[in-house]
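S.K.: Have a peek at final-v1.pdb (PDB, C-alpha atoms).
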```pdb
ATOM      1  CA  MET A  15      24.826 -20.403 -25.940
ATOM      2  CA  GLU A  16      26.913 -18.752 -23.261
ATOM      3  CA  LYS A  17      25.665 -18.584 -19.683
ATOM      4  CA  GLU A  18      24.890 -15.205 -18.228
ATOM      5  CA  SER A  19      27.646 -13.867 -15.995
ATOM      6  CA  TYR A  20      27.305 -13.884 -12.247
ATOM      7  CA  ASP A  21      27.636 -10.088 -12.193
ATOM      8  CA  SER A  22      24.761  -9.709 -14.600
ATOM      9  CA  ARG A  23      22.551 -12.128 -12.701
ATOM     10  CA  ILE A  24      23.363 -10.460  -9.360
ATOM     11  CA  LYS A  25      22.566  -7.011 -10.788
ATOM     12  CA  LYS A  26      19.208  -8.270 -12.038
ATOM     13  CA  LEU A  27      18.452  -9.710  -8.606
ATOM     14  CA  GLU A  28      19.476  -6.423  -6.962
ATOM     15  CA  ASN A  29      17.171  -4.500  -9.296
ATOM     16  CA  ALA A  30      14.322  -6.863  -8.538
ATOM     17  CA  LEU A  31      14.925  -6.432  -4.799
ATOM     18  CA  LYS A  32      15.030  -2.634  -5.124
ATOM     19  CA  GLN A  33      11.738  -2.647  -7.030
ATOM     20  CA  ALA A  34      10.137  -4.956  -4.490
ATOM     21  CA  SER A  35      11.342  -2.728  -1.664
ATOM     22  CA  LYS A  36      10.004   0.377  -3.417
ATOM     23  CA  ASP A  37       6.633  -1.288  -4.029
ATOM     24  CA  ARG A  38       6.468  -2.387  -0.395
ATOM     25  CA  ALA A  39       7.162   1.145   0.837
ATOM     26  CA  GLN A  40       4.421   2.504  -1.436
ATOM     27  CA  ALA A  41       1.988  -0.147  -0.246
ATOM     28  CA  LEU A  42       2.730   0.656   3.393
ATOM     29  CA  ALA A  43       2.228   4.369   2.776
ATOM     30  CA  ARG A  44      -1.087   3.652   1.038
ATOM     31  CA  TYR A  45      -2.098   1.365   3.905
ATOM     32  CA  ASP A  46      -1.470   4.172   6.400
ATOM     33  CA  VAL A  47      -3.621   6.564   4.372
ATOM     34  CA  LEU A  48      -6.430   4.009   4.132
ATOM     35  CA  GLN A  49      -6.216   3.278   7.874
ATOM     36  CA  LYS A  50      -6.637   6.979   8.637
ATOM     37  CA  ASP A  51      -9.571   7.174   6.214
ATOM     38  CA  LEU A  52     -11.197   4.194   7.901
ATOM     39  CA  GLU A  53     -10.757   5.778  11.315
ATOM     40  CA  GLN A  54     -12.399   8.963  10.017
ATOM     41  CA  ILE A  55     -15.309   6.955   8.616
ATOM     42  CA  HIS A  56     -15.790   5.104  11.912
ATOM     43  CA  LYS A  57     -15.657   8.386  13.803
ATOM     44  CA  ARG A  58     -18.285   9.909  11.490
ATOM     45  CA  ILE A  59     -20.521   6.848  11.851
ATOM     46  CA  GLU A  60     -20.350   7.146  15.635
ATOM     47  CA  GLU A  61     -21.083  10.884  15.411
ATOM     48  CA  LEU A  62     -24.249   9.944  13.547
ATOM     49  CA  GLY A  63     -25.264   7.747  16.468
ATOM     50  CA  CYS A  64     -24.485   4.359  15.020
ATOM     51  CA  LYS A  65     -21.798   1.730  15.379
ATOM     52  CA  PRO A  66     -20.029   0.211  12.358
ATOM     53  CA  GLU A  67     -21.320  -3.272  13.189
ATOM     54  CA  GLU A  68     -24.899  -1.915  13.207
ATOM     55  CA  LEU A  69     -24.723  -0.362   9.728
ATOM     56  CA  ASP A  70     -26.133  -3.309   7.771
ATOM     57  CA  ALA A  71     -29.153  -3.549  10.040
ATOM     58  CA  ARG A  72     -29.663   0.227   9.962
ATOM     59  CA  ILE A  73     -29.452   0.291   6.153
ATOM     60  CA  ARG A  74     -32.056  -2.501   5.930
ATOM     61  CA  GLU A  75     -34.278  -0.585   8.332
ATOM     62  CA  ILE A  76     -34.016   2.605   6.264
ATOM     63  CA  ARG A  77     -34.696   0.712   3.018
ATOM     64  CA  ASN A  78     -37.781  -0.901   4.535
ATOM     65  CA  GLU A  79     -38.988   2.494   5.709
ATOM     66  CA  MET A  80     -38.422   3.993   2.254
ATOM     67  CA  ASP A  81     -40.272   1.092   0.580
ATOM     68  CA  SER A  82     -43.186   1.616   2.948
ATOM     69  CA  LEU A  83     -43.302   5.367   2.265
ATOM     70  CA  ILE A  84     -43.140   4.819  -1.500
ATOM     71  CA  LYS A  85     -46.054   2.385  -1.280
ATOM     72  CA  GLU A  86     -48.066   4.947   0.692
ATOM     73  CA  VAL A  87     -47.397   7.638  -1.904
ATOM     74  CA  GLU A  88     -48.163   5.178  -4.698
ATOM     75  CA  LYS A  89     -51.619   4.551  -3.176
ATOM     76  CA  LEU A  90     -52.336   8.288  -3.202
ATOM     77  CA  ILE A  91     -51.621   8.771  -6.919
ATOM     78  CA  PRO A  92     -54.280   7.624  -9.375
ATOM     79  CA  GLU A  93     -53.236   4.637 -11.466
ATOM     80  CA  GLN A  94     -53.499   6.457 -14.796
ATOM     81  CA  TYR A  95     -50.811   8.914 -13.679
ATOM     82  CA  LEU A  96     -48.574   6.143 -12.429
ATOM     83  CA  LYS A  97     -48.868   4.342 -15.775
ATOM     84  CA  SER A  98     -48.133   7.493 -17.753
ATOM     85  CA  ALA A  99     -44.998   7.961 -15.643
ATOM     86  CA  GLY A 100     -43.867   4.410 -16.450
ATOM     87  CA  TRP A 101     -44.691   3.018 -13.017
TER      88      TRP A 101
END
```
Any chance you could put this one into structure tokens?
M.R.:
Amino acid sequence: MEKESYDSRIKKLENALKQASKDRAQALARYDVLQKDLEQIHKRIEELGCKPEELDARIREIRNEMDSLIKEVEKLIPEQYLKSAGW
């Protein structure tokens, strides 16, 4: 079996480098888009009166409030209707 020529091997390496460079450029462009999206999200969160680091706590608070309200409504509906609705 004959060894591959240096020219052939170098061309393959050049092609691999070109593809890697192209992929890197695409990744950087995508990163920039995602960074801008993240900035927009943070800005919107602050407009809503919250900070990004407070979101988890605020979500828990809202879920607890919703659970409480659902329980209140549940108490107001007779059991037979809850059962017929699959509750």
S.K.: With distances taken over only C-alpha atoms, which residue among A:Ile24, A:Pro66, A:Lys36, A:Met80 lies nearest Gln54 of chain A?
M.R.: A:Pro66
S.K.: Go ahead and compute the interatomic distance for atom CA of Leu42 of chain A and atom CA of Ala30 of chain A, in Å to one decimal.
M.R.: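 Going from atom CA of Leu42 of chain A over to atom CA of Ala30 of chain A covers 18.3 Å.
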S.K.: Identify, on the basis of all atoms listed in the file, every residue whose closest approach to His56 of chain A does not exceed 12 Å; exclude the query and any residue fewer than 6 positions from it along the same chain; express the result as a ChimeraX atom specification.
M.R.: /A:49-50,62-69
S.K.: Just the selected residues (C-alpha atoms), exported as an mmCIF file, in the coordinates of the input, please.
M.R.:
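selection03.cif written:
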```cif
data_model
loop_
_atom_site.group_PDB
_atom_site.id
_atom_site.type_symbol
_atom_site.label_atom_id
_atom_site.label_comp_id
_atom_site.auth_asym_id
_atom_site.auth_seq_id
_atom_site.Cartn_x
_atom_site.Cartn_y
_atom_site.Cartn_z
ATOM 1 C CA GLN A 49 -6.216 3.278 7.874
ATOM 2 C CA LYS A 50 -6.637 6.979 8.637
ATOM 3 C CA LEU A 62 -24.249 9.944 13.547
ATOM 4 C CA GLY A 63 -25.264 7.747 16.468
ATOM 5 C CA CYS A 64 -24.485 4.359 15.020
ATOM 6 C CA LYS A 65 -21.798 1.730 15.379
ATOM 7 C CA PRO A 66 -20.029 0.211 12.358
ATOM 8 C CA GLU A 67 -21.320 -3.272 13.189
ATOM 9 C CA GLU A 68 -24.899 -1.915 13.207
ATOM 10 C CA LEU A 69 -24.723 -0.362 9.728
#
```
S.K.: Between atom CA of Ile55 of chain A and atom CA of Asp81 of chain A, what is the distance in Å, rounded to a tenth?
M.R.: 26.9 Å
S.K.: Could you give me the centre and size, in Å to one decimal, of an axis-aligned box around all listed atoms of segment 28-47 of chain A with 6 Å added on every side, as lines of an AutoDock Vina configuration file?
M.R.:
```
center_x = 7.9
center_y = -0.1
center_z = -1.4
size_x = 35.1
size_y = 25.4
size_z = 27.7
```
S.K.: Could you tell me how far atom CA of Asp37 of chain A sits from atom CA of Arg23 of chain A, in Å to one decimal place?
M.R.: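 Atom-to-atom, atom CA of Arg23 of chain A to atom CA of Asp37 of chain A, that is 21.1 Å.
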S.K.: So, with all atoms listed in the file as the atoms that count, which of A:Lys97, A:Glu18, A:Lys26, A:Ile59 lies closest to Arg72 of chain A?
M.R.: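 Closest candidate: A:Ile59.
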